[in-house]
>>> print(open('work.txt').read())   # compact mmCIF, C-alpha atoms
# COMPACT_ATOMS: atom_id res chain seq x y z
CA MET A 101 -4.32 -3.47 45.91
CA PHE A 102 -5.14 -4.07 49.57
CA GLU A 103 -8.07 -5.58 51.40
CA PRO A 104 -8.80 -4.96 55.08
CA LEU A 105 -8.04 -7.60 57.69
CA TYR A 106 -9.94 -6.93 60.88
CA THR A 107 -8.87 -7.60 64.45
CA ALA A 108 -11.46 -8.29 67.15
CA ASP A 109 -11.21 -4.69 68.39
CA GLU A 110 -11.62 -3.29 64.87
CA MET A 111 -14.75 -5.42 64.38
CA LYS A 112 -16.13 -4.22 67.70
CA ALA A 113 -15.61 -0.62 66.57
CA ALA A 114 -17.27 -1.32 63.21
CA GLU A 115 -20.34 -2.78 64.96
CA ALA A 116 -20.66 0.07 67.48
CA GLY A 117 -23.97 1.92 67.26
CA HIS A 118 -25.71 -0.77 65.21
CA ASP A 119 -28.72 -2.84 66.20
CA VAL A 120 -27.15 -6.02 67.57
CA GLU A 121 -30.23 -8.16 67.01
CA ALA A 122 -30.47 -7.05 63.36
CA LEU A 123 -26.77 -7.82 62.82
CA MET A 124 -27.16 -11.27 64.36
CA GLU A 125 -30.21 -12.03 62.23
CA ARG A 126 -28.28 -11.15 59.07
CA ALA A 127 -25.27 -13.15 60.22
CA GLY A 128 -27.31 -16.23 61.10
CA ARG A 129 -29.15 -16.06 57.79
CA ALA A 130 -25.83 -15.84 55.91
CA VAL A 131 -24.61 -18.95 57.72
CA ALA A 132 -27.77 -20.90 56.92
CA GLU A 133 -27.81 -19.84 53.28
CA THR A 134 -24.16 -20.81 52.85
CA ALA A 135 -24.80 -24.16 54.54
CA LEU A 136 -27.66 -24.90 52.13
CA GLU A 137 -25.62 -23.80 49.13
CA ARG A 138 -22.41 -25.66 49.98
CA PHE A 139 -24.10 -28.80 51.33
CA PRO A 140 -27.37 -29.14 49.38
CA ASP A 141 -27.77 -32.85 50.13
CA ALA A 142 -27.25 -32.53 53.88
CA ARG A 143 -30.32 -33.28 55.99
CA ARG A 144 -29.03 -33.14 59.55
CA PHE A 145 -27.08 -30.17 60.92
CA ALA A 146 -25.55 -30.30 64.39
CA CYS A 147 -25.08 -26.78 65.75
CA VAL A 148 -22.53 -26.49 68.56
CA CYS A 149 -23.28 -23.10 70.10
CA GLY A 150 -21.49 -21.08 72.74
CA LYS A 151 -22.98 -18.61 75.17
CA GLY A 152 -22.00 -15.42 73.37
CA ALA A 153 -22.99 -13.63 70.17
CA ASN A 154 -21.36 -16.32 68.06
CA GLY A 155 -23.63 -18.90 69.65
CA GLY A 156 -26.57 -16.61 68.96
CA ASP A 157 -25.63 -16.52 65.28
CA GLY A 158 -25.56 -20.32 65.31
CA ARG A 159 -29.02 -20.58 66.90
CA ILE A 160 -30.48 -18.23 64.30
CA ALA A 161 -28.85 -20.30 61.55
CA ALA A 162 -30.40 -23.45 63.05
CA ARG A 163 -33.84 -21.86 63.05
CA ILE A 164 -33.55 -20.83 59.40
CA LEU A 165 -32.28 -24.28 58.44
CA ARG A 166 -35.35 -25.82 60.11
CA GLU A 167 -37.57 -23.39 58.21
CA ALA A 168 -35.89 -24.70 55.04
CA GLY A 169 -36.94 -28.24 55.93
CA ARG A 170 -33.67 -29.47 57.44
CA GLU A 171 -33.12 -31.07 60.81
CA ALA A 172 -31.00 -28.62 62.80
CA GLU A 173 -30.52 -28.79 66.53
CA GLU A 174 -28.29 -27.22 69.11
CA THR A 175 -26.20 -30.01 70.58
CA ASP A 176 -22.94 -30.86 72.28
CA ASP A 177 -22.78 -34.18 70.45
CA PRO A 178 -22.18 -33.71 66.72
CA ALA A 179 -21.80 -37.42 66.00
CA GLY A 180 -23.99 -38.62 63.15
CA ALA A 181 -24.61 -35.19 61.63
CA ASP A 182 -24.21 -34.54 57.92
CA VAL A 183 -22.74 -31.10 58.68
CA VAL A 184 -21.49 -29.57 61.91
CA VAL A 185 -22.01 -25.83 62.50
CA ASP A 186 -19.28 -24.48 64.77
CA ALA A 187 -20.73 -21.52 66.69
CA LEU A 188 -18.76 -22.03 69.88
CA PHE A 189 -16.31 -19.10 69.87
CA GLY A 190 -16.18 -15.94 67.76
CA THR A 191 -13.79 -13.06 67.20
CA GLY A 192 -13.47 -12.28 70.91
CA PHE A 193 -11.77 -15.58 71.70
CA ARG A 194 -8.16 -15.51 72.90
CA GLY A 195 -5.86 -18.00 74.53
CA GLU A 196 -6.42 -21.68 75.14
CA PRO A 197 -9.92 -23.20 75.34
CA ARG A 198 -10.94 -24.52 78.72
CA ALA A 199 -11.27 -28.27 79.13
CA GLU A 200 -15.00 -28.46 78.36
CA ALA A 201 -14.70 -26.28 75.26
CA ALA A 202 -11.60 -28.16 74.13
CA GLY A 203 -13.62 -31.37 74.32
CA LEU A 204 -16.34 -29.87 72.12
CA ILE A 205 -13.74 -28.75 69.57
CA GLU A 206 -12.19 -32.18 69.47
CA ALA A 207 -15.64 -33.75 69.09
CA MET A 208 -16.40 -31.53 66.09
CA ASN A 209 -13.07 -32.45 64.47
CA ALA A 210 -13.66 -36.15 65.15
CA SER A 211 -17.26 -36.18 63.91
CA GLY A 212 -16.31 -37.18 60.38
CA ALA A 213 -18.66 -34.51 58.99
CA PRO A 214 -17.60 -31.27 57.31
CA VAL A 215 -17.57 -28.32 59.70
CA LEU A 216 -18.95 -24.91 58.81
CA ALA A 217 -17.45 -22.33 61.17
CA VAL A 218 -19.33 -19.19 62.16
CA ASP A 219 -17.06 -16.15 61.75
CA VAL A 220 -13.85 -17.86 62.98
CA PRO A 221 -13.05 -21.53 63.61
CA SER A 222 -13.28 -22.04 67.36
CA GLY A 223 -9.87 -22.03 68.99
CA VAL A 224 -8.36 -19.60 66.46
CA ASP A 225 -7.44 -16.10 67.66
CA ALA A 226 -9.12 -13.82 65.12
CA SER A 227 -6.59 -11.03 65.73
CA SER A 228 -3.41 -13.05 65.25
CA GLY A 229 -4.14 -16.48 63.76
CA GLU A 230 -2.64 -18.17 66.80
CA THR A 231 -4.01 -21.46 68.12
CA ALA A 232 -2.99 -22.06 71.71
CA GLY A 233 -4.93 -25.31 72.02
CA PRO A 234 -7.36 -27.50 70.08
CA SER A 235 -8.92 -25.64 67.15
CA VAL A 236 -11.69 -26.50 64.73
CA ARG A 237 -10.63 -27.52 61.25
CA ALA A 238 -13.40 -26.10 59.11
CA ALA A 239 -14.34 -26.99 55.55
CA VAL A 240 -16.02 -23.59 55.21
CA THR A 241 -15.91 -20.44 57.33
CA VAL A 242 -18.61 -17.79 56.96
CA THR A 243 -17.29 -14.49 58.27
CA PHE A 244 -19.08 -11.19 58.58
CA HIS A 245 -18.26 -7.78 57.13
CA GLY A 246 -14.66 -8.61 56.25
CA ALA A 247 -11.88 -11.13 56.63
CA LYS A 248 -10.11 -11.29 59.96
CA VAL A 249 -6.36 -11.37 60.52
CA GLY A 250 -6.66 -14.93 61.80
CA HIS A 251 -8.20 -16.09 58.53
CA HIS A 252 -5.06 -15.15 56.63
CA VAL A 253 -2.19 -15.61 59.10
CA ALA A 254 -0.99 -19.12 59.97
CA PRO A 255 -1.74 -21.31 61.73
CA GLY A 256 -5.30 -19.94 61.65
CA ARG A 257 -5.39 -19.81 57.85
CA PHE A 258 -4.97 -23.60 57.76
CA HIS A 259 -8.11 -24.06 59.89
CA ARG A 260 -10.54 -21.87 57.97
CA GLY A 261 -11.19 -23.91 54.80
CA GLU A 262 -13.09 -21.97 52.15
CA LEU A 263 -13.67 -18.40 53.32
CA VAL A 264 -17.08 -16.85 52.56
CA LEU A 265 -17.58 -13.12 53.23
CA ALA A 266 -21.08 -12.07 54.24
CA ASP A 267 -22.30 -8.47 54.16
CA ILE A 268 -24.26 -7.65 57.32
CA GLY A 269 -24.69 -3.94 56.66
CA LEU A 270 -21.58 -2.40 58.23
CA GLN A 271 -19.50 0.38 56.73
CA PRO A 272 -15.95 -0.36 55.53
CA ALA A 273 -13.20 0.87 57.83
CA ALA A 274 -9.43 1.18 57.73
CA THR A 275 -7.53 -1.64 59.41
CA GLN A 276 -4.01 -1.91 60.76
CA HIS A 277 -3.19 -5.08 58.81
CA ARG A 278 -4.13 -5.70 55.19
CA ALA A 279 -4.17 -8.47 52.61
CA VAL A 280 -2.30 -7.85 49.36
CA THR A 281 -4.05 -8.35 46.02
CA ARG A 282 -2.55 -8.78 42.57
CA GLU A 283 -3.26 -5.11 41.84
CA ILE A 284 -0.13 -4.22 43.81
CA LEU A 285 1.87 -5.24 40.74
CA ARG A 286 0.52 -2.18 38.93
CA LEU A 287 2.91 -0.18 41.12
CA VAL A 288 5.95 -1.83 39.53
CA PRO A 289 7.50 0.77 37.17
CA ARG A 290 7.62 -0.43 33.61
CA LYS A 291 10.51 0.33 31.30
CA ARG A 292 10.10 3.71 29.61
CA PRO A 293 11.29 4.64 26.11
CA GLU A 294 14.01 6.83 27.61
CA ASP A 295 15.34 4.17 30.01
CA THR A 296 18.77 2.62 29.76
CA LYS A 297 19.66 -0.76 31.22
CA TYR A 298 20.83 1.04 34.34
CA THR A 299 17.84 3.30 34.89
CA ALA A 300 15.46 0.38 34.25
CA GLY A 301 16.77 -1.25 37.43
CA ALA A 302 20.35 -2.32 38.14
CA VAL A 303 20.88 -5.19 40.57
CA LEU A 304 23.97 -6.58 42.28
CA VAL A 305 23.79 -10.17 43.57
CA VAL A 306 26.45 -11.23 46.07
CA GLY A 307 26.83 -14.90 47.03
CA GLY A 308 27.67 -18.07 45.15
CA ALA A 309 30.30 -19.76 47.32
CA PRO A 310 31.67 -23.04 45.92
CA GLY A 311 28.96 -25.67 46.02
CA LEU A 312 26.30 -22.95 46.37
CA THR A 313 26.58 -21.20 43.01
CA GLY A 314 23.06 -22.21 42.00
CA ALA A 315 21.50 -19.90 44.58
CA ALA A 316 23.25 -16.80 43.23
CA CYS A 317 22.44 -17.80 39.65
CA LEU A 318 18.75 -18.24 40.45
CA ALA A 319 18.58 -14.84 42.15
CA ALA A 320 20.32 -13.15 39.22
CA GLU A 321 18.10 -14.78 36.61
CA ALA A 322 15.00 -13.92 38.63
CA ALA A 323 16.04 -10.26 38.85
CA PHE A 324 16.32 -10.09 35.06
CA ARG A 325 13.00 -11.90 34.56
CA ALA A 326 11.37 -9.48 37.00
CA ASP A 327 12.31 -6.79 34.48
CA ALA A 328 15.61 -5.46 35.82
CA GLY A 329 17.75 -3.94 33.08
CA TYR A 330 21.18 -4.87 34.43
CA VAL A 331 22.42 -7.56 36.80
CA ALA A 332 25.94 -8.13 38.13
CA VAL A 333 26.92 -11.19 40.15
CA ALA A 334 29.81 -11.22 42.61
CA VAL A 335 31.09 -14.65 43.67
CA PRO A 336 34.36 -16.03 45.08
CA GLU A 337 37.19 -16.48 42.60
CA ALA A 338 36.78 -20.25 42.88
CA SER A 339 33.17 -20.00 41.68
CA LEU A 340 33.65 -17.74 38.69
CA ALA A 341 34.11 -20.52 36.15
CA ALA A 342 30.90 -22.26 37.21
CA VAL A 343 28.91 -19.04 37.17
CA GLU A 344 30.36 -18.01 33.80
CA ALA A 345 29.15 -21.33 32.38
CA ARG A 346 25.68 -20.98 33.90
CA LEU A 347 24.85 -17.31 33.34
CA LEU A 348 24.90 -15.51 30.02
CA GLU A 349 23.39 -12.05 30.56
CA PRO A 350 24.76 -10.90 33.96
CA VAL A 351 28.17 -9.34 34.48
CA LYS A 352 30.36 -11.62 36.61
CA VAL A 353 33.04 -10.44 39.05
CA SER A 354 34.88 -11.92 42.01
CA TRP A 355 34.24 -10.85 45.58
CA SER A 356 37.59 -9.10 45.62
CA SER A 357 36.53 -7.03 42.58
CA VAL A 358 32.98 -6.23 43.71
CA GLY A 359 33.89 -2.55 43.93
CA GLU A 360 33.99 -2.46 40.14
CA VAL A 361 30.21 -2.90 39.93
CA THR A 362 28.79 -1.42 43.13
CA ALA A 363 28.58 2.07 41.66
CA LYS A 364 26.21 0.83 38.94
CA ALA A 365 23.83 -0.94 41.33
CA GLY A 366 20.44 0.49 42.23
CA ALA A 367 19.88 -2.32 44.73
CA ALA A 368 21.77 -5.33 46.03
CA ALA A 369 20.80 -8.86 47.02
CA ILE A 370 23.27 -10.36 49.47
CA GLY A 371 23.10 -13.91 50.74
CA PRO A 372 22.09 -16.47 48.10
CA GLY A 373 24.83 -19.08 48.42
CA LEU A 374 27.02 -16.66 50.37
CA GLY A 375 28.27 -19.31 52.75
CA ARG A 376 29.36 -18.75 56.34
CA SER A 377 33.11 -18.36 55.96
CA ALA A 378 35.07 -15.58 57.64
CA GLU A 379 35.57 -14.01 54.20
CA ALA A 380 31.82 -14.02 53.56
CA ARG A 381 31.06 -12.46 56.95
CA ALA A 382 33.64 -9.73 56.39
CA LEU A 383 32.28 -8.99 52.92
CA LEU A 384 28.75 -8.69 54.31
CA ARG A 385 29.83 -6.22 56.98
CA SER A 386 31.76 -4.19 54.43
CA LEU A 387 28.91 -4.00 51.93
CA LEU A 388 26.34 -3.06 54.57
CA ALA A 389 28.59 -0.22 55.66
CA GLU A 390 29.51 1.01 52.20
CA LEU A 391 26.47 0.54 49.97
CA ASP A 392 24.10 3.51 49.83
CA VAL A 393 21.37 1.69 47.89
CA PRO A 394 18.54 -0.61 49.08
CA VAL A 395 19.73 -4.06 50.11
CA VAL A 396 17.84 -7.34 50.52
CA LEU A 397 19.45 -9.86 52.85
CA ASP A 398 18.60 -13.54 52.54
CA ALA A 399 19.87 -17.01 53.40
CA ASP A 400 23.45 -17.00 54.72
CA ALA A 401 23.46 -13.21 55.09
CA LEU A 402 20.91 -13.70 57.88
CA PHE A 403 23.00 -16.22 59.81
CA GLU A 404 24.13 -14.63 63.06
CA LEU A 405 23.29 -11.24 61.57
CA GLU A 406 24.83 -8.54 63.72
CA PRO A 407 23.09 -5.23 64.46
CA PHE A 408 23.74 -2.67 61.76
CA GLU A 409 22.82 0.89 60.91
CA ARG A 410 22.18 2.04 57.35
CA ASP A 411 20.62 5.13 55.86
CA ALA A 412 19.36 3.24 52.80
CA PRO A 413 16.48 0.73 53.09
CA THR A 414 17.11 -2.87 54.07
CA VAL A 415 14.80 -5.86 53.60
CA LEU A 416 15.29 -9.17 55.41
CA THR A 417 13.64 -12.24 53.85
CA PRO A 418 13.87 -15.11 56.36
CA HIS A 419 11.94 -18.35 56.46
CA ALA A 420 10.72 -19.52 59.87
CA GLY A 421 13.97 -21.29 60.76
CA GLU A 422 16.13 -18.28 59.89
CA LEU A 423 13.88 -15.92 61.80
CA ALA A 424 13.91 -18.26 64.79
CA ARG A 425 17.72 -18.01 64.92
CA LEU A 426 17.57 -14.22 64.67
CA LEU A 427 15.11 -14.03 67.56
CA GLY A 428 16.65 -16.74 69.73
CA GLU A 429 13.47 -18.81 69.51
CA SER A 430 12.58 -22.19 68.06
CA SER A 431 11.13 -22.68 64.59
CA GLU A 432 8.03 -24.09 66.27
CA TRP A 433 7.57 -20.87 68.23
CA VAL A 434 7.80 -18.76 65.08
CA ALA A 435 5.32 -21.02 63.28
CA ALA A 436 2.86 -20.62 66.16
CA HIS A 437 3.32 -16.84 66.56
CA ARG A 438 4.05 -15.57 63.06
CA LEU A 439 2.53 -12.11 63.45
CA ALA A 440 4.34 -11.48 66.73
CA ALA A 441 7.58 -12.92 65.36
CA VAL A 442 7.74 -10.67 62.31
CA ARG A 443 6.96 -7.61 64.42
CA ARG A 444 9.75 -8.56 66.86
CA ALA A 445 12.18 -8.85 63.96
CA VAL A 446 11.23 -5.39 62.70
CA ASP A 447 11.71 -3.90 66.17
CA ALA A 448 15.05 -5.66 66.60
CA HIS A 449 16.56 -4.66 63.25
CA GLY A 450 14.70 -1.47 62.38
CA CYS A 451 13.99 -2.48 58.80
CA THR A 452 11.45 -4.21 56.58
CA VAL A 453 11.07 -7.95 57.17
CA LEU A 454 9.43 -10.46 54.81
CA LEU A 455 8.63 -13.71 56.60
CA LYS A 456 8.21 -16.43 54.00
CA GLY A 457 5.39 -18.95 54.12
CA ALA A 458 1.97 -19.73 52.73
CA ASP A 459 0.97 -16.52 54.47
CA THR A 460 4.01 -14.44 53.54
CA LEU A 461 4.09 -11.51 55.97
CA VAL A 462 5.68 -8.14 55.21
CA ALA A 463 6.25 -5.80 58.13
CA ALA A 464 7.99 -2.44 58.35
CA PRO A 465 8.68 -0.01 61.19
CA ALA A 466 5.59 1.89 62.41
CA GLU A 467 3.33 0.15 59.87
CA GLY A 468 0.78 -2.66 59.91
CA VAL A 469 1.55 -6.05 58.44
CA LEU A 470 0.81 -6.89 54.82
CA VAL A 471 -0.23 -10.48 54.12
CA ALA A 472 0.61 -11.84 50.67
CA GLY A 473 -1.00 -15.23 50.96
CA ALA A 474 -1.47 -16.49 47.41
CA GLY A 475 1.45 -18.93 47.32
CA PRO A 476 0.59 -22.53 46.36
CA PRO A 477 2.14 -25.61 48.03
CA SER A 478 4.29 -26.18 44.94
CA LEU A 479 6.59 -23.39 46.17
CA ALA A 480 7.94 -25.79 48.80
CA SER A 481 10.92 -26.49 46.56
CA ALA A 482 14.63 -25.71 46.93
CA GLY A 483 15.71 -22.47 45.28
CA THR A 484 12.34 -20.74 45.15
CA GLY A 485 13.46 -18.47 48.00
CA ASP A 486 16.45 -17.36 45.93
CA VAL A 487 14.03 -16.49 43.13
CA LEU A 488 12.01 -14.34 45.54
CA THR A 489 15.18 -12.54 46.63
CA GLY A 490 15.99 -11.67 43.02
CA ILE A 491 12.49 -10.29 42.46
CA VAL A 492 12.66 -8.14 45.59
CA ALA A 493 16.01 -6.75 44.46
CA SER A 494 14.64 -5.95 41.01
CA PHE A 495 11.66 -4.06 42.43
CA LEU A 496 13.87 -2.17 44.88
CA ALA A 497 16.17 -1.20 42.01
CA LYS A 498 13.15 0.11 40.12
CA GLY A 499 12.43 2.47 43.00
CA LEU A 500 9.61 0.83 44.91
CA GLU A 501 9.48 1.58 48.63
CA PRO A 502 10.80 -1.47 50.52
CA GLY A 503 7.53 -2.69 52.04
CA LEU A 504 5.74 -2.41 48.72
CA ALA A 505 8.67 -3.97 46.85
CA ALA A 506 8.63 -6.97 49.18
CA ALA A 507 4.85 -7.39 49.04
CA ALA A 508 4.77 -6.99 45.25
CA ALA A 509 7.61 -9.49 44.88
CA ALA A 510 5.83 -12.06 47.05
CA THR A 511 2.70 -11.57 44.97
CA LEU A 512 4.46 -12.04 41.62
CA HIS A 513 6.31 -15.06 43.03
CA ALA A 514 3.03 -16.67 44.10
CA LEU A 515 1.10 -15.86 40.93
CA ALA A 516 3.90 -17.24 38.75
CA ALA A 517 3.91 -20.46 40.76
CA ARG A 518 0.16 -20.82 40.22
CA ARG A 519 0.79 -20.80 36.47
CA GLY A 520 3.15 -23.74 36.81
CA PRO A 521 2.56 -27.41 37.56
CA SER A 522 1.04 -28.28 40.93
CA ALA A 523 3.65 -31.03 41.32
CA GLY A 524 7.31 -31.03 40.36
CA LEU A 525 7.74 -27.25 40.12
CA VAL A 526 11.40 -26.25 40.44
CA ALA A 527 12.93 -22.82 40.81
CA GLY A 528 13.99 -22.65 37.18
CA ASP A 529 10.38 -23.24 36.09
CA LEU A 530 9.30 -20.37 38.31
CA ILE A 531 11.80 -17.97 36.75
CA SER A 532 10.56 -18.74 33.25
CA LEU A 533 7.00 -17.92 34.32
CA LEU A 534 7.78 -14.48 35.74
CA PRO A 535 7.63 -12.28 32.59
CA ALA A 536 4.23 -13.46 31.36
CA THR A 537 2.81 -13.28 34.87
CA LEU A 538 4.07 -9.73 35.32
CA VAL A 539 2.71 -8.64 31.95
CA GLU A 540 -0.70 -10.14 32.67
CA ALA A 541 -0.96 -8.76 36.19
CA THR A 542 0.08 -5.24 35.21
CA SER A 543 -1.72 -5.15 31.84
CA TRP A 544 1.56 -4.21 30.21
CA SER A 545 1.66 -4.73 26.48
CA VAL A 546 4.00 -7.45 25.31
>>> encode(input="work.txt", output="structure tokens")
Amino acid sequence: MFEPLYTADEMKAAEAGHDVEALMERAGRAVAETALERFPDARRFACVCGKGANGGDGRIAARILREAGREAEETDDPAGADVVVDALFGTGFRGEPRAEAAGLIEAMNASGAPVLAVDVPSGVDASSGETAGPSVRAAVTVTFHGAKVGHHVAPGRFHRGELVLADIGLQPAATQHRAVTREILRLVPRKRPEDTKYTAGAVLVVGGAPGLTGAACLAAEAAFRADAGYVAVAVPEASLAAVEARLLEPVKVSWSSVGEVTAKAGAAAIGPGLGRSAEARALLRSLLAELDVPVVLDADALFELEPFERDAPTVLTPHAGELARLLGESSEWVAAHRLAAVRRAVDAHGCTVLLKGADTLVAAPAEGVLVAGAGPPSLASAGTGDVLTGIVASFLAKGLEPGLAAAAAATLHALAARRGPSAGLVAGDLISLLPATLVEATSWSV
């Protein structure tokens, strides 16, 4: 369900009391063996080694490569090598590389040869994934004991390449942040023989302003396909005809009549196609004050979101641009500091926050961050965020705790996308893939 993601301090604690030389020998051997396995035809290895333990791992790897009949030398000039071994910086690195080190990183990237990084690509902060300056773009990263936060959180995750985990004889330990696996979907309650459509998960979707009805429709359909038993959609009067024509199963009401269906809802999704009119803003404030069920806020509901207090759980699901507006930062800042950004959002709003991306991050008050990073590039398509909102609402309505509901929803969303085409995937395709993906991942019988 979860796999540990280590920070530099957590790795230091895991290594405490162990024979450092023995650990380095195992680490260096793992690097050399991976290099020989991944690049069997390579003859010349250029090992760029720093002064610390990471450099020591690289020197041991070079020795073992020479024992295997390869040419492997420690050098600051990787040009002409078949493979470059990056052993410059390890998990203890933070900040921006100094000029000399930055030059070495740029030389490795410009060498034209694949780079095998030792533990963490140089320039990547292992504890956050941040890259304050030049960073190695590795084809393969061999890391020791367990994955690091920076391997999974962007931008670091885009520098690691293939991630190989090497056992060096340390004991597993609990970590603050964790990666989510598909097993989390086993927590999603299945429909029981005694369930009604309401007890199986009842969802209210609020949005669908004129010209934006598709967003509300996608969220509603996704909630049903994520196994909700009942879905109601509230849209402006002017949108009712379009939504009636598009949706068959959900109940449809106008915004002015939303009170007719709120009592049935076990969770609400507010925002898909909501618009930014004065009427929409007033409706949002009213629902946040009156609803006593979990609420997921997305899209227009996040625009200029005012502070609020609720007893029931709330989940925010911004992309980087939406979160940037909430924090008063730029999108570029959020992209460069994703872990810090999602934690700031949690502190500011006191609720669960799901930050969308290839490394979808789920953070909640007083808890570590969950990383649901299985999403393929095909999810970069309009409407897929509305689908995710519908899934979150369904899982909240089924009774999952908000952090788990968000992480499970992101996982189902990603796994369903992986079943679809790698090019041309649209949100409607994704919705159709949800039931089979959920059944397979949870081992439910069809």
>>> residues_around(input="work.txt", residues="region 400-408 of chain A", least_positions_apart="5", cutoff="6 Å", atoms="all atoms listed in the file", output="ChimeraX atom specification")
/A:371,374-375
>>> write_last_selection(input="work.txt", atoms="C-alpha atoms", output="JSON list (two decimals), in the frame of the given file")
[["chain", "number", "residue", "atom", "x", "y", "z"],
["A", 371, "GLY", "CA", 23.10, -13.91, 50.74],
["A", 374, "LEU", "CA", 27.02, -16.66, 50.37],
["A", 375, "GLY", "CA", 28.27, -19.31, 52.75]]
>>> residues_near_point(input="work.txt", point="(8.1, -11.5, 50.4)", cutoff="6 Å", atoms="all atoms listed in the file", output="JSON, numbers by chain")
{"A": [454, 460, 506, 507, 509, 510]}
>>> atom_distance(input="work.txt", atom1="CA of Glu467 (chain A)", atom2="CA of Ser431 (chain A)")
24.6 Å
>>> closest_residue(input="work.txt", among="A:Thr414, A:Gly490, A:Trp433, A:Gly499", to="Thr231 (chain A)", atoms="only C-alpha atoms")
A:Trp433
>>> residues_around(input="work.txt", residues="region 360-366 of chain A", least_positions_apart="4", cutoff="9 Å", atoms="all atoms listed in the file", output="number ranges by chain")
A: 298-299, 301-304, 330-334, 351, 353, 391-394, 493-494, 496-499
>>> residues_near_point(input="work.txt", point="(1.9, -25.9, 39.2)", cutoff="12 Å", atoms="all atoms listed in the file", output="short mmCIF file (atom, residue, chain, number, x, y, z; two decimals) with C-alpha atoms, in the frame of the given file")
data_model
loop_
_atom_site.label_atom_id
_atom_site.label_comp_id
_atom_site.auth_asym_id
_atom_site.auth_seq_id
_atom_site.Cartn_x
_atom_site.Cartn_y
_atom_site.Cartn_z
CA GLY A 475 1.45 -18.93 47.32
CA PRO A 476 0.59 -22.53 46.36
CA PRO A 477 2.14 -25.61 48.03
CA SER A 478 4.29 -26.18 44.94
CA LEU A 479 6.59 -23.39 46.17
CA ALA A 480 7.94 -25.79 48.80
CA SER A 481 10.92 -26.49 46.56
CA ALA A 514 3.03 -16.67 44.10
CA LEU A 515 1.10 -15.86 40.93
CA ALA A 516 3.90 -17.24 38.75
CA ALA A 517 3.91 -20.46 40.76
CA ARG A 518 0.16 -20.82 40.22
CA ARG A 519 0.79 -20.80 36.47
CA GLY A 520 3.15 -23.74 36.81
CA PRO A 521 2.56 -27.41 37.56
CA SER A 522 1.04 -28.28 40.93
CA ALA A 523 3.65 -31.03 41.32
CA GLY A 524 7.31 -31.03 40.36
CA LEU A 525 7.74 -27.25 40.12
CA VAL A 526 11.40 -26.25 40.44
CA ALA A 527 12.93 -22.82 40.81
CA ASP A 529 10.38 -23.24 36.09
CA LEU A 530 9.30 -20.37 38.31
CA LEU A 533 7.00 -17.92 34.32
#
>>> residues_around(input="work.txt", residues="Ala345 (chain A)", least_positions_apart="4", cutoff="12 Å", atoms="all atoms listed in the file", output="list in words")
Thr313, Gly314, Cys317, Ser339, Leu340, Ala341, Glu349, Pro350 and Lys352 of chain A
>>> atom_distance(input="work.txt", atom1="CA of Asp141 (chain A)", atom2="CA of Phe189 (chain A)")
26.6 Å
>>> atom_distance(input="work.txt", atom1="CA of Val471 (chain A)", atom2="CA of Ala279 (chain A)")
4.7 Å
>>> residues_around(input="work.txt", residues="Glu422 (chain A)", least_positions_apart="4", cutoff="12 Å", atoms="only C-alpha atoms", output="list in words")
Leu397, Asp398, Ala399, Asp400, Ala401, Leu402, Phe403, Glu404, Leu405, Leu416, Thr417, Pro418, Leu426, Leu427, Gly428, Glu429, Ser430, Ser431, Glu432, Val434, Ala435, Ala441, Val442, Ala445, Val453, Leu454, Leu455 and Lys456 of chain A
>>> closest_residue(input="work.txt", among="A:Ala323, A:Ala458, A:Val236, A:Cys149", to="Ser532 (chain A)", atoms="all atoms listed in the file")
A:Ala323
>>> residues_around(input="work.txt", residues="Pro255 (chain A)", least_positions_apart="5", cutoff="9 Å", atoms="only C-alpha atoms", output="ChimeraX atom specification")
/A:224,229-231,250,435-438
>>> closest_residue(input="work.txt", among="A:Gly117, A:Gly483, A:Gly190, A:Gly256", to="Asp459 (chain A)", atoms="only C-alpha atoms")
A:Gly256
>>> axis_aligned_box(input="work.txt", around="region 492-499 of chain A", padding_each_side="6 Å", output="JSON")
{"center_x": 13.9, "center_y": -2.8, "center_z": 42.9, "size_x": 16.5, "size_y": 22.6, "size_z": 17.5}
